[in-house]
Amino acid sequence: MPELPNVKKGKQVVMRLAPYPSGALHIGNARMLVINDEYVKRYKGKLILVYDDTIGATKQAIETNLDAKYIIPEAYDLIRDGLEWLGVNYDKKNVVYKSDRLDIYQKYAKEFIQKGEAYVCDCDAALYRENHKKVGIPCSCKALSIESHLERWNQMLDGTYAEQEAVVRLNTGMDQKDPALRDHVIMRISDAEHPRIGTKYRVWPILDFSWGIDDHELGITHIIRGADLQKEGFMEQFIWDLMGWEHSNIQLYGRMKFSKNFKLSKTLARQKISTKEYDGWEDPRTWSLQSLRARGIQSEALRQSLIDLGMSMSGINFSENWIYAKNTKIIDENANRYWFVEDPIKLDISDLSKTEYTSTPLLNPNNEKLGTRNITLNAFNNQASVYISRLDTVEQLSRKGNKVRFPKISVGSQFRLKDLFTIEVQSVHPKKYNAVFLTEEAEKSIRKIQWVPHASNIKVHVLKPDGIVMHGRAENTIKSLPLGTILQFERYGYVKIQKIEKNEVYCYFTH
RNA sequence: GCUUCGAUAGUGUAGCUCGGUCAAGCAUGUGAGGCUCUCACCCUUGCGACGCGGGUUCGAAUCCCGCUCGAAGCACCA
C-alpha cells in the first residue's frame with residue numbers, strides 16, 4: 001500500500017471505522033477495516049470505531065419493505081467480535097455512537113438554516129427528482145424566508161410533518177454538474193424505533209452530513225473508503241468549506257466484485273437468518289467474519305489478501321481462492337491428517353491371510369515428530385470390509401477443479417488402501433464392491449486412496465461453503481480431538497471441528 | 001443519458017510522480033519434473049501482460065491528444 005499523503009510531523013494520524021450495525025461484518029466490509037487498521041499501525045496513529053448507527057430507513061419502509069436497511073441490536077456485539085478476530089486495533093476507550101450525537105447534527109442543521117445555507121423542502125421526493133433535481137431548477141420552497149424555514153424545521157421536530165413530508169436540503173446549488181449533488185438532503189424524518197435511543201429523536205441526518213460534521217469534530221485526519229462513497233466526499237468538503245474547517249484527506253479505493261456464488265449483503269443475511277434458511281451468523285453463506293472463523297480461515301490470511309489488493313481505484317474481481325491459498329500455507333503444518341470417506345460405499349476384501357492388519361500413517365508427514373495414528377482392520381474367514389468414498393468410484397474433478405490423474409475405480413482396478421495393502425476389484429454392485437487382496441508391498445506409482453474400517457468408524461457431517469452438508473465416515477481417532485481443531489482429511493480438504501454430538505462429528509469445510 | 005473515475009499476464013498487484021537500470025517484478029493460476037504410501041504441503045522449472053491509434057523524444061508501461069472498453073454514483077440507505 002502506498003504512503004499516506006499529508007502526514008504531518010508532530011500531528012498524529014487519526015482514522016476511523018464506520019460500520020453500520022445491520023449485521024455481522026463480512027468479507028466485503030473487511031477491506032475497509034484492514035486498510036484503515038494497517039495505516040494506523042504503520043503511522044502509529046489512532047483508530048476510532050464509530051458506529052454509523054443512524055436510523056436507516058423510515059418506519060414505514062421498515063414495516064413494508066423487506067430490503068429496508070435498519071439496525072439490529074446484536075450487530076453491535078457481532079461487529080466488536082469481528083474486529084477482535086481481525087486484530088483491528090481501535091481505541092477501545094473511545095467508541096463513538098452516532099445515535100448519541102443527534103443533538104449535534106440538529107444543532108448544525110439549524111445553524112445552516114439560520115445562515116441560509118440550508119432550507120426545509122416539503123416537495124414530494126419523486127416529483128422533486130424529476131422536476132427539479134434532473135433539470136436543475138429550484139423548487140418554490142427554496143425562495144421562502146429563513147424565518148419560515150426555521151418554522152418548518154420546528155414542525156419537522158415537533159411532528160407536524162409526518163415521515164416523507166419534509167427534508168432539510170443543503171444549498172449546494174442547483175447548477176451542480178452532477179445531478180446527484182444538487183441541493184442534496186442532509187436531514188430527514190424517521191419515526192422508526194432505534195435500538196439504543198428508541199424514539200427520542202425523529203429528525204435524522206443523512207450519511208454525508210453526519211460525516212461532514214463528525215470527521216471534523218472527531219479530528220479525523222485521513223478517511224479511507226470505497227469509491228462508492230465518492231459523492232459523500234464531495235458533500236463533506238462542501239460542508240467543511242462552508243464552516244471554514246480544515247479538510248481531512250480522503251482516499252478512495254475501487255469496489256470489489258465477488259463471484260456469482262456468493263452475494264454479500266448484511267441485509268440479505270439478516271433476512272435468511274430470521275427465516276432459518278441460514279444457520280445463524282456462522283453460516284458460511286453469510287461470508288461474515290464469524291463464518292470465516294468458524295470455517296478455520298485464519299484472520300491473517302484474510303488480512304493479507306485484502307492488503308495485497310492495495311488502493312487501486314479500479315474495480316476488482318475478488319477471488320476467494322486468494323484467501324484459501326494464503327490460509328493453506330498457514331494451517332497446513334499444524335493440520336494433522338485423517339481419513340474421511342464421503343458418501344461411503346462398502347468394499348469387501350477376500351483372500352486375506354492374516355486376522356489383523358494395522359495401519360500406522362503419520363499424523364503429519366511434514367512433521368514426523370508428531371507420530372502416527374493406528375487404524376486396525378480385523379479379518380474373519382480371510383475376509384474384511386472397509387468403506388471407500390463413492391467419489392473415487394466415479395469420474396470426478398480434483399479439489400481445484402482439474403482433471404484427476406486416475407480413472408474411476410471399476411472392475412479390474414488395482415489400487416492401494418493407503419498405508420494398508422493393495423487390492424484388485426473383482427465385481428461391482430450398486431451398494432457394494434468386491435476385491436481381492438494382492439500384496440502388502442507398496443508400489444510407488446500405484447493409486448492410493450483413503451479408507452475406514454467398516455466395523456469401526458465415526459459418522460461425520462461436513463458443511464460446505466455453499467450451505468450443503470455432505471455426509472460420510474471418518475476414522476475413529478478424530479473422536480478425541482478438541483472442538484475447533486483444524487485438520488486435513490487427506491485427498492479431501494481441510495475442515496474445522498464444530499461439535500461432536502451423539503457420537504457424530506460436525507465439521508465446517510475450510511477449503 | 002448525466003457526473004466522476006479507471007485500464008499492466010486468467011485473476012490481482014508493483015513500476016507511472018522524477019521517460020532509459022522494464023526484452024516488465026511479485027502473488028495467485030496453469031504446464032512439466034522432483035519429494036511423498038494424499039490429487040495436500042514443499043522444491044525446481046516452463047507459460048502468461050503494458051486496451052487501441054497518433055504525437056513528443058535518441059529513447060515511452062511511464063509525458064500529451066483522440067478512441068475504445070469498463071466501473072462507481074445519479075435515493076428522504078449506508
# chains A, B, ... in the order shown; residues from 1 in each chain; ligands from 1

$ select_by_dssp --residues "stretch 24-249 of chain A" --states "helix (DSSP H, G or I)" --output "ChimeraX atom specification"
/A:27-42,59-64,75-86,98-100,102-114,125-133,140-143,146-158,179-181,207-217,227-243

$ closest_atom_pairs --of "chain A" --to "chain B" --cutoff "7 Å" --atoms "only C-alpha atoms (C1' of nucleotides)" --output "Markdown table"
| residue | atom | partner | partner_atom | distance |
| --- | --- | --- | --- | --- |
| A:Tyr20 | CA | B:A78 | C1' | 6.6 |
| A:Gly56 | CA | B:C77 | C1' | 5.9 |
| A:Ala57 | CA | B:C77 | C1' | 6.5 |
| A:Lys69 | CA | B:C77 | C1' | 6.2 |
| A:Ala125 | CA | B:C76 | C1' | 6.8 |
| A:Gln164 | CA | B:C76 | C1' | 5.9 |
| A:Val167 | CA | B:C76 | C1' | 6.4 |
| A:Lys177 | CA | B:U3 | C1' | 6.5 |
| A:Asp178 | CA | B:U3 | C1' | 4.4 |
| A:Pro179 | CA | B:C74 | C1' | 6.2 |
| A:Ala180 | CA | B:C74 | C1' | 4.8 |
| A:Arg188 | CA | B:C76 | C1' | 5.5 |
| A:Leu207 | CA | B:A78 | C1' | 6.9 |
| A:Ala227 | CA | B:A72 | C1' | 6.3 |
| A:Asp228 | CA | B:A72 | C1' | 5.5 |
| A:Lys231 | CA | B:G73 | C1' | 6.7 |
| A:Asp308 | CA | B:U13 | C1' | 6.8 |
| A:Leu309 | CA | B:U13 | C1' | 6.5 |
| A:Met313 | CA | B:G6 | C1' | 6.4 |
| A:Ser314 | CA | B:G6 | C1' | 5.1 |
| A:Gly315 | CA | B:A71 | C1' | 5.8 |
| A:Trp322 | CA | B:U28 | C1' | 6.2 |
| A:Asp332 | CA | B:C41 | C1' | 6.6 |
| A:Ser398 | CA | B:C39 | C1' | 6.0 |
| A:Val404 | CA | B:C39 | C1' | 6.5 |
| A:Lys418 | CA | B:C37 | C1' | 5.8 |
| A:Asp419 | CA | B:C37 | C1' | 5.3 |
| A:Ala442 | CA | B:C37 | C1' | 6.5 |
| A:Lys448 | CA | B:C37 | C1' | 6.9 |
| A:Glu490 | CA | B:U38 | C1' | 5.1 |
| A:Arg491 | CA | B:U38 | C1' | 4.9 |

$ write_last_selection --atoms "N, CA, C and O atoms" --output "CSV table (one decimal), in the first residue's frame"
chain,number,residue,atom,x,y,z
A,20,TYR,N,-22.0,0.0,9.8
A,20,TYR,CA,-23.4,0.2,10.0
A,20,TYR,C,-23.9,-1.1,10.7
A,20,TYR,O,-23.8,-2.2,10.1
A,56,GLY,N,-31.4,4.8,9.4
A,56,GLY,CA,-31.6,4.0,8.2
A,56,GLY,C,-32.9,4.3,7.6
A,56,GLY,O,-33.2,5.5,7.4
A,57,ALA,N,-33.7,3.4,7.4
A,57,ALA,CA,-35.0,3.6,6.6
A,57,ALA,C,-36.0,4.3,7.5
A,57,ALA,O,-35.9,4.4,8.8
A,69,LYS,N,-33.1,-1.0,5.1
A,69,LYS,CA,-31.9,-1.1,6.0
A,69,LYS,C,-32.3,-0.6,7.3
A,69,LYS,O,-32.9,0.4,7.5
A,125,ALA,N,-40.7,13.5,-2.9
A,125,ALA,CA,-39.4,13.1,-3.3
A,125,ALA,C,-39.3,12.8,-4.8
A,125,ALA,O,-38.4,13.2,-5.5
A,164,GLN,N,-41.5,11.5,5.4
A,164,GLN,CA,-41.6,11.7,4.0
A,164,GLN,C,-42.1,13.1,3.6
A,164,GLN,O,-42.1,13.4,2.4
A,167,VAL,N,-37.9,17.6,4.3
A,167,VAL,CA,-36.5,17.3,4.5
A,167,VAL,C,-35.7,18.6,4.6
A,167,VAL,O,-36.2,19.6,4.2
A,177,LYS,N,-22.9,20.3,-11.6
A,177,LYS,CA,-22.8,19.4,-12.8
A,177,LYS,C,-23.5,18.1,-12.5
A,177,LYS,O,-24.2,17.5,-13.3
A,178,ASP,N,-23.1,17.5,-11.4
A,178,ASP,CA,-23.6,16.2,-11.1
A,178,ASP,C,-25.0,16.3,-10.4
A,178,ASP,O,-25.1,16.9,-9.4
A,179,PRO,N,-26.0,15.8,-11.1
A,179,PRO,CA,-27.4,16.0,-10.6
A,179,PRO,C,-27.5,15.5,-9.2
A,179,PRO,O,-28.3,16.0,-8.4
A,180,ALA,N,-26.8,14.4,-8.8
A,180,ALA,CA,-26.9,13.8,-7.5
A,180,ALA,C,-26.6,14.9,-6.4
A,180,ALA,O,-27.1,14.7,-5.3
A,188,ARG,N,-33.6,14.2,7.5
A,188,ARG,CA,-35.0,13.7,7.2
A,188,ARG,C,-35.6,13.1,8.4
A,188,ARG,O,-35.0,12.9,9.4
A,207,LEU,N,-26.1,10.2,5.8
A,207,LEU,CA,-24.7,9.9,6.0
A,207,LEU,C,-23.7,11.0,5.7
A,207,LEU,O,-22.8,11.4,6.5
A,227,ALA,N,-14.9,3.5,-3.3
A,227,ALA,CA,-15.3,4.5,-4.3
A,227,ALA,C,-16.8,4.8,-4.4
A,227,ALA,O,-17.2,5.8,-5.0
A,228,ASP,N,-17.5,3.9,-3.9
A,228,ASP,CA,-19.0,4.1,-3.9
A,228,ASP,C,-19.4,5.3,-3.0
A,228,ASP,O,-20.5,5.8,-3.1
A,231,LYS,N,-19.4,10.5,-3.7
A,231,LYS,CA,-20.3,11.7,-3.6
A,231,LYS,C,-20.3,12.2,-2.2
A,231,LYS,O,-20.3,13.4,-1.9
A,308,ASP,N,-3.1,-7.1,0.0
A,308,ASP,CA,-2.5,-7.3,-1.3
A,308,ASP,C,-3.3,-6.5,-2.4
A,308,ASP,O,-2.7,-6.3,-3.5
A,309,LEU,N,-4.5,-6.3,-2.2
A,309,LEU,CA,-5.3,-5.6,-3.2
A,309,LEU,C,-4.9,-4.1,-3.4
A,309,LEU,O,-5.2,-3.5,-4.4
A,313,MET,N,-8.0,2.2,-7.7
A,313,MET,CA,-9.3,2.7,-7.9
A,313,MET,C,-10.2,1.9,-8.9
A,313,MET,O,-11.4,2.1,-9.0
A,314,SER,N,-9.5,1.0,-9.5
A,314,SER,CA,-10.3,0.2,-10.5
A,314,SER,C,-11.0,-1.0,-9.8
A,314,SER,O,-10.6,-1.4,-8.7
A,315,GLY,N,-12.1,-1.4,-10.4
A,315,GLY,CA,-12.9,-2.5,-9.8
A,315,GLY,C,-12.1,-3.8,-9.8
A,315,GLY,O,-11.3,-4.0,-10.7
A,322,TRP,N,-7.7,-16.5,-3.3
A,322,TRP,CA,-6.5,-15.9,-2.8
A,322,TRP,C,-6.4,-16.1,-1.3
A,322,TRP,O,-5.3,-16.3,-0.7
A,332,ASP,N,-1.5,-25.5,7.1
A,332,ASP,CA,-1.1,-26.9,6.7
A,332,ASP,C,-0.2,-27.6,7.7
A,332,ASP,O,-0.3,-28.7,8.0
A,398,SER,N,-10.6,-32.9,-9.5
A,398,SER,CA,-9.9,-32.7,-8.2
A,398,SER,C,-10.5,-31.5,-7.4
A,398,SER,O,-11.3,-30.8,-7.9
A,404,VAL,N,-8.4,-35.4,-12.9
A,404,VAL,CA,-7.7,-36.2,-11.9
A,404,VAL,C,-6.7,-37.2,-12.7
A,404,VAL,O,-7.0,-37.5,-13.9
A,418,LYS,N,-4.6,-46.9,1.5
A,418,LYS,CA,-3.4,-46.2,1.9
A,418,LYS,C,-2.9,-46.8,3.2
A,418,LYS,O,-3.6,-47.0,4.2
A,419,ASP,N,-1.6,-47.0,3.2
A,419,ASP,CA,-0.9,-47.5,4.4
A,419,ASP,C,-1.4,-48.9,4.8
A,419,ASP,O,-1.3,-49.2,6.0
A,442,ALA,N,4.3,-51.9,-1.0
A,442,ALA,CA,3.8,-50.6,-1.5
A,442,ALA,C,4.6,-50.3,-2.8
A,442,ALA,O,5.8,-50.4,-2.8
A,448,LYS,N,-3.3,-44.5,-4.4
A,448,LYS,CA,-3.6,-44.8,-3.0
A,448,LYS,C,-4.9,-44.0,-2.7
A,448,LYS,O,-5.0,-42.8,-3.0
A,490,GLU,N,-7.4,-36.3,4.3
A,490,GLU,CA,-6.5,-36.5,3.1
A,490,GLU,C,-7.3,-36.7,1.8
A,490,GLU,O,-8.3,-37.3,1.8
A,491,ARG,N,-6.8,-36.1,0.8
A,491,ARG,CA,-7.4,-36.1,-0.5
A,491,ARG,C,-8.8,-35.5,-0.5
A,491,ARG,O,-9.6,-35.8,-1.4

$ select_by_dssp --residues "stretch 345-425 of chain A" --states "strand (DSSP E)" --output "NGL selection string"
:A and (345-350 or 356-359 or 375-378 or 384-389 or 414-417 or 421-425)

$ write_last_selection --atoms "N, CA and C atoms" --output "PDB file, in the first residue's frame"
ATOM      1  N   ILE A 345     -19.038 -46.208   0.459  1.00  0.00           N
ATOM      2  CA  ILE A 345     -19.512 -47.400  -0.243  1.00  0.00           C
ATOM      3  C   ILE A 345     -18.714 -48.572   0.319  1.00  0.00           C
ATOM      4  N   LYS A 346     -19.399 -49.705   0.550  1.00  0.00           N
ATOM      5  CA  LYS A 346     -18.744 -50.830   1.221  1.00  0.00           C
ATOM      6  C   LYS A 346     -17.872 -51.602   0.231  1.00  0.00           C
ATOM      7  N   LEU A 347     -16.725 -52.006   0.731  1.00  0.00           N
ATOM      8  CA  LEU A 347     -15.798 -52.774  -0.103  1.00  0.00           C
ATOM      9  C   LEU A 347     -15.397 -54.022   0.673  1.00  0.00           C
ATOM     10  N   ASP A 348     -15.762 -55.189   0.157  1.00  0.00           N
ATOM     11  CA  ASP A 348     -15.392 -56.448   0.802  1.00  0.00           C
ATOM     12  C   ASP A 348     -14.118 -56.973   0.161  1.00  0.00           C
ATOM     13  N   ILE A 349     -13.198 -57.368   1.021  1.00  0.00           N
ATOM     14  CA  ILE A 349     -11.908 -57.845   0.511  1.00  0.00           C
ATOM     15  C   ILE A 349     -11.732 -59.312   0.925  1.00  0.00           C
ATOM     16  N   SER A 350     -11.355 -60.143  -0.020  1.00  0.00           N
ATOM     17  CA  SER A 350     -11.126 -61.561   0.294  1.00  0.00           C
ATOM     18  C   SER A 350      -9.662 -61.926   0.056  1.00  0.00           C
ATOM     19  N   GLU A 356      -5.457 -59.789  11.375  1.00  0.00           N
ATOM     20  CA  GLU A 356      -5.459 -58.379  11.770  1.00  0.00           C
ATOM     21  C   GLU A 356      -4.414 -57.617  10.970  1.00  0.00           C
ATOM     22  N   TYR A 357      -4.827 -56.506  10.453  1.00  0.00           N
ATOM     23  CA  TYR A 357      -3.904 -55.616   9.738  1.00  0.00           C
ATOM     24  C   TYR A 357      -3.935 -54.265  10.427  1.00  0.00           C
ATOM     25  N   THR A 358      -2.793 -53.721  10.693  1.00  0.00           N
ATOM     26  CA  THR A 358      -2.761 -52.408  11.356  1.00  0.00           C
ATOM     27  C   THR A 358      -2.023 -51.405  10.486  1.00  0.00           C
ATOM     28  N   SER A 359      -2.687 -50.315  10.315  1.00  0.00           N
ATOM     29  CA  SER A 359      -2.116 -49.232   9.516  1.00  0.00           C
ATOM     30  C   SER A 359      -1.620 -48.147  10.468  1.00  0.00           C
ATOM     31  N   ILE A 375      -4.785 -47.585  12.920  1.00  0.00           N
ATOM     32  CA  ILE A 375      -6.102 -47.992  12.453  1.00  0.00           C
ATOM     33  C   ILE A 375      -6.020 -49.486  12.177  1.00  0.00           C
ATOM     34  N   THR A 376      -6.878 -50.228  12.881  1.00  0.00           N
ATOM     35  CA  THR A 376      -6.800 -51.677  12.782  1.00  0.00           C
ATOM     36  C   THR A 376      -7.973 -52.232  11.982  1.00  0.00           C
ATOM     37  N   LEU A 377      -7.650 -53.144  11.104  1.00  0.00           N
ATOM     38  CA  LEU A 377      -8.692 -53.818  10.322  1.00  0.00           C
ATOM     39  C   LEU A 377      -8.641 -55.301  10.674  1.00  0.00           C
ATOM     40  N   ASN A 378      -9.749 -55.823  11.161  1.00  0.00           N
ATOM     41  CA  ASN A 378      -9.802 -57.243  11.520  1.00  0.00           C
ATOM     42  C   ASN A 378     -10.389 -58.060  10.385  1.00  0.00           C
ATOM     43  N   ALA A 384     -12.422 -59.175   5.007  1.00  0.00           N
ATOM     44  CA  ALA A 384     -12.602 -57.959   5.797  1.00  0.00           C
ATOM     45  C   ALA A 384     -13.380 -56.945   4.959  1.00  0.00           C
ATOM     46  N   SER A 385     -13.944 -55.946   5.637  1.00  0.00           N
ATOM     47  CA  SER A 385     -14.714 -54.925   4.919  1.00  0.00           C
ATOM     48  C   SER A 385     -14.262 -53.526   5.317  1.00  0.00           C
ATOM     49  N   VAL A 386     -14.218 -52.652   4.338  1.00  0.00           N
ATOM     50  CA  VAL A 386     -13.905 -51.241   4.604  1.00  0.00           C
ATOM     51  C   VAL A 386     -14.927 -50.386   3.853  1.00  0.00           C
ATOM     52  N   TYR A 387     -14.898 -49.092   4.165  1.00  0.00           N
ATOM     53  CA  TYR A 387     -15.636 -48.125   3.358  1.00  0.00           C
ATOM     54  C   TYR A 387     -14.626 -47.342   2.521  1.00  0.00           C
ATOM     55  N   ILE A 388     -14.990 -47.121   1.285  1.00  0.00           N
ATOM     56  CA  ILE A 388     -14.237 -46.151   0.488  1.00  0.00           C
ATOM     57  C   ILE A 388     -15.228 -45.097   0.001  1.00  0.00           C
ATOM     58  N   SER A 389     -14.720 -44.015  -0.518  1.00  0.00           N
ATOM     59  CA  SER A 389     -15.607 -42.923  -0.920  1.00  0.00           C
ATOM     60  C   SER A 389     -16.166 -43.181  -2.308  1.00  0.00           C
ATOM     61  N   GLN A 414      -6.749 -51.797  -9.925  1.00  0.00           N
ATOM     62  CA  GLN A 414      -5.851 -52.123  -8.821  1.00  0.00           C
ATOM     63  C   GLN A 414      -5.491 -50.820  -8.114  1.00  0.00           C
ATOM     64  N   PHE A 415      -5.621 -50.855  -6.834  1.00  0.00           N
ATOM     65  CA  PHE A 415      -5.238 -49.648  -6.086  1.00  0.00           C
ATOM     66  C   PHE A 415      -4.896 -50.044  -4.663  1.00  0.00           C
ATOM     67  N   ARG A 416      -4.388 -49.092  -3.929  1.00  0.00           N
ATOM     68  CA  ARG A 416      -3.922 -49.404  -2.588  1.00  0.00           C
ATOM     69  C   ARG A 416      -4.780 -48.678  -1.563  1.00  0.00           C
ATOM     70  N   LEU A 417      -5.218 -49.418  -0.559  1.00  0.00           N
ATOM     71  CA  LEU A 417      -5.822 -48.778   0.604  1.00  0.00           C
ATOM     72  C   LEU A 417      -4.639 -48.186   1.356  1.00  0.00           C
ATOM     73  N   PHE A 421      -2.800 -52.170   2.272  1.00  0.00           N
ATOM     74  CA  PHE A 421      -2.379 -53.166   1.270  1.00  0.00           C
ATOM     75  C   PHE A 421      -3.047 -52.850  -0.067  1.00  0.00           C
ATOM     76  N   THR A 422      -2.567 -53.563  -1.072  1.00  0.00           N
ATOM     77  CA  THR A 422      -3.046 -53.329  -2.435  1.00  0.00           C
ATOM     78  C   THR A 422      -4.070 -54.403  -2.807  1.00  0.00           C
ATOM     79  N   ILE A 423      -5.100 -53.981  -3.536  1.00  0.00           N
ATOM     80  CA  ILE A 423      -6.183 -54.908  -3.894  1.00  0.00           C
ATOM     81  C   ILE A 423      -6.573 -54.724  -5.353  1.00  0.00           C
ATOM     82  N   GLU A 424      -7.365 -55.681  -5.829  1.00  0.00           N
ATOM     83  CA  GLU A 424      -7.921 -55.549  -7.178  1.00  0.00           C
ATOM     84  C   GLU A 424      -9.422 -55.776  -7.114  1.00  0.00           C
ATOM     85  N   VAL A 425     -10.171 -54.923  -7.783  1.00  0.00           N
ATOM     86  CA  VAL A 425     -11.625 -55.014  -7.748  1.00  0.00           C
ATOM     87  C   VAL A 425     -12.089 -56.170  -8.632  1.00  0.00           C
TER      88      VAL A 425
END

$ atom_distance --atom1 "atom CA of A:Asn171" --atom2 "atom CA of A:Asp214"
19.5 Å

$ residues_around --residues "A:Leu292" --least-positions-apart "3" --cutoff "9 Å" --atoms "only C-alpha atoms (C1' of nucleotides)" --output "MDAnalysis selection string"
chainID A and resid 26:27 282:284 287:289 295:299 510

$ closest_residue --among "A:Ile35, A:Leu370, A:Ile223, A:Met15" --to "A:Ser305" --atoms "only C-alpha atoms"
A:Ile35

$ residues_around --residues "A:Gly136" --least-positions-apart "4" --cutoff "7 Å" --atoms "only C-alpha atoms (C1' of nucleotides)" --output "ChimeraX atom specification"
/A:132,174-175

$ write_last_selection --atoms "all heavy atoms" --output "PDB file, in the first residue's frame"
ATOM      1  N   HIS A 132     -37.021  18.936 -10.545  1.00  0.00           N
ATOM      2  CA  HIS A 132     -36.026  19.890 -10.058  1.00  0.00           C
ATOM      3  C   HIS A 132     -34.603  19.348 -10.145  1.00  0.00           C
ATOM      4  O   HIS A 132     -33.747  19.957 -10.765  1.00  0.00           O
ATOM      5  CB  HIS A 132     -36.362  20.304  -8.621  1.00  0.00           C
ATOM      6  CG  HIS A 132     -37.746  20.883  -8.512  1.00  0.00           C
ATOM      7  ND1 HIS A 132     -38.068  22.134  -8.957  1.00  0.00           N
ATOM      8  CD2 HIS A 132     -38.899  20.345  -8.051  1.00  0.00           C
ATOM      9  CE1 HIS A 132     -39.368  22.371  -8.759  1.00  0.00           C
ATOM     10  NE2 HIS A 132     -39.898  21.294  -8.212  1.00  0.00           N
ATOM     11  N   MET A 174     -28.286  24.376  -7.459  1.00  0.00           N
ATOM     12  CA  MET A 174     -28.951  23.563  -8.482  1.00  0.00           C
ATOM     13  C   MET A 174     -28.146  23.553  -9.772  1.00  0.00           C
ATOM     14  O   MET A 174     -28.523  22.903 -10.748  1.00  0.00           O
ATOM     15  CB  MET A 174     -30.365  24.099  -8.750  1.00  0.00           C
ATOM     16  CG  MET A 174     -31.286  24.020  -7.556  1.00  0.00           C
ATOM     17  SD  MET A 174     -31.402  22.359  -6.833  1.00  0.00           S
ATOM     18  CE  MET A 174     -32.456  21.542  -8.051  1.00  0.00           C
ATOM     19  N   ASP A 175     -27.047  24.277  -9.803  1.00  0.00           N
ATOM     20  CA  ASP A 175     -26.225  24.315 -11.013  1.00  0.00           C
ATOM     21  C   ASP A 175     -25.055  23.338 -10.927  1.00  0.00           C
ATOM     22  O   ASP A 175     -24.158  23.369 -11.760  1.00  0.00           O
ATOM     23  CB  ASP A 175     -25.714  25.746 -11.253  1.00  0.00           C
ATOM     24  CG  ASP A 175     -25.023  26.314 -10.021  1.00  0.00           C
ATOM     25  OD1 ASP A 175     -25.069  25.663  -8.950  1.00  0.00           O
ATOM     26  OD2 ASP A 175     -24.438  27.405 -10.136  1.00  0.00           O
TER      27      ASP A 175
END

$ atom_distance --atom1 "atom CA of A:Asn374" --atom2 "atom CA of A:Thr360"
4.7 Å

$ residues_around --residues "B:G20" --least-positions-apart "3" --cutoff "12 Å" --atoms "only C-alpha atoms (C1' of nucleotides)" --output "list in words"
U57, C58, G59, A60 and U62 of chain B

$ write_last_selection --atoms "N, CA and C atoms (P, O5', C5', C4', C3', O3' and C1' of nucleotides)" --output "short mmCIF file (atom, residue, chain, number, x, y, z; two decimals), in the first residue's frame"
data_model
loop_
_atom_site.label_atom_id
_atom_site.label_comp_id
_atom_site.auth_asym_id
_atom_site.auth_seq_id
_atom_site.Cartn_x
_atom_site.Cartn_y
_atom_site.Cartn_z
P U B 57 10.22 15.94 -31.20
"O5'" U B 57 11.08 15.01 -30.26
"C5'" U B 57 11.65 15.51 -29.06
"C4'" U B 57 12.23 14.40 -28.25
"C3'" U B 57 13.16 13.47 -29.03
"O3'" U B 57 14.46 14.03 -29.15
"C1'" U B 57 11.67 12.19 -27.72
P C B 58 15.21 13.82 -30.55
"O5'" C B 58 15.65 12.28 -30.49
"C5'" C B 58 16.14 11.65 -31.66
"C4'" C B 58 16.68 10.29 -31.29
"C3'" C B 58 15.72 9.43 -30.47
"O3'" C B 58 14.83 8.72 -31.30
"C1'" C B 58 17.85 9.45 -29.44
P G B 59 13.31 8.58 -30.91
"O5'" G B 59 13.41 7.72 -29.58
"C5'" G B 59 13.72 6.32 -29.68
"C4'" G B 59 13.87 5.73 -28.31
"C3'" G B 59 12.64 5.83 -27.41
"O3'" G B 59 11.75 4.75 -27.68
"C1'" G B 59 14.56 6.51 -26.21
P A B 60 10.18 5.00 -27.48
"O5'" A B 60 10.03 5.14 -25.91
"C5'" A B 60 10.22 4.04 -25.02
"C4'" A B 60 9.10 4.07 -24.00
"C3'" A B 60 7.77 3.65 -24.62
"O3'" A B 60 7.10 2.72 -23.77
"C1'" A B 60 7.61 5.84 -23.69
P U B 62 3.35 4.98 -21.93
"O5'" U B 62 3.77 5.50 -20.48
"C5'" U B 62 2.81 5.72 -19.45
"C4'" U B 62 3.58 6.10 -18.22
"C3'" U B 62 4.17 7.51 -18.27
"O3'" U B 62 3.76 8.25 -17.14
"C1'" U B 62 5.85 5.88 -17.75
#

$ decode --residues "stretch 52-78 of chain A" --atoms "C-alpha atoms" --output "PDB file, in the first residue's frame"
ATOM      1  CA  ASP A  52     -22.679   4.595  11.986  1.00  0.00           C
ATOM      2  CA  ASP A  53     -25.989   3.832  13.591  1.00  0.00           C
ATOM      3  CA  THR A  54     -28.264   6.493  12.238  1.00  0.00           C
ATOM      4  CA  ILE A  55     -31.767   5.323  11.769  1.00  0.00           C
ATOM      5  CA  GLY A  56     -31.581   3.981   8.234  1.00  0.00           C
ATOM      6  CA  ALA A  57     -34.969   3.591   6.649  1.00  0.00           C
ATOM      7  CA  THR A  58     -38.220   5.211   7.696  1.00  0.00           C
ATOM      8  CA  LYS A  59     -40.579   3.397   9.985  1.00  0.00           C
ATOM      9  CA  GLN A  60     -42.924   2.871   7.078  1.00  0.00           C
ATOM     10  CA  ALA A  61     -40.192   1.387   4.879  1.00  0.00           C
ATOM     11  CA  ILE A  62     -39.031  -0.976   7.595  1.00  0.00           C
ATOM     12  CA  GLU A  63     -42.563  -2.247   8.032  1.00  0.00           C
ATOM     13  CA  THR A  64     -43.299  -2.694   4.346  1.00  0.00           C
ATOM     14  CA  ASN A  65     -40.033  -3.317   2.544  1.00  0.00           C
ATOM     15  CA  LEU A  66     -38.046  -6.487   3.184  1.00  0.00           C
ATOM     16  CA  ASP A  67     -34.894  -4.913   1.820  1.00  0.00           C
ATOM     17  CA  ALA A  68     -35.068  -1.862   4.061  1.00  0.00           C
ATOM     18  CA  LYS A  69     -31.900  -1.103   5.961  1.00  0.00           C
ATOM     19  CA  TYR A  70     -32.149  -0.978   9.670  1.00  0.00           C
ATOM     20  CA  ILE A  71     -30.105  -1.663  12.756  1.00  0.00           C
ATOM     21  CA  ILE A  72     -30.299  -4.945  14.596  1.00  0.00           C
ATOM     22  CA  PRO A  73     -29.270  -4.752  18.245  1.00  0.00           C
ATOM     23  CA  GLU A  74     -26.994  -7.802  18.206  1.00  0.00           C
ATOM     24  CA  ALA A  75     -24.930  -6.280  15.412  1.00  0.00           C
ATOM     25  CA  TYR A  76     -23.007  -4.076  17.845  1.00  0.00           C
ATOM     26  CA  ASP A  77     -21.512  -7.116  19.528  1.00  0.00           C
ATOM     27  CA  LEU A  78     -21.047  -9.004  16.273  1.00  0.00           C
TER      28      LEU A  78
END
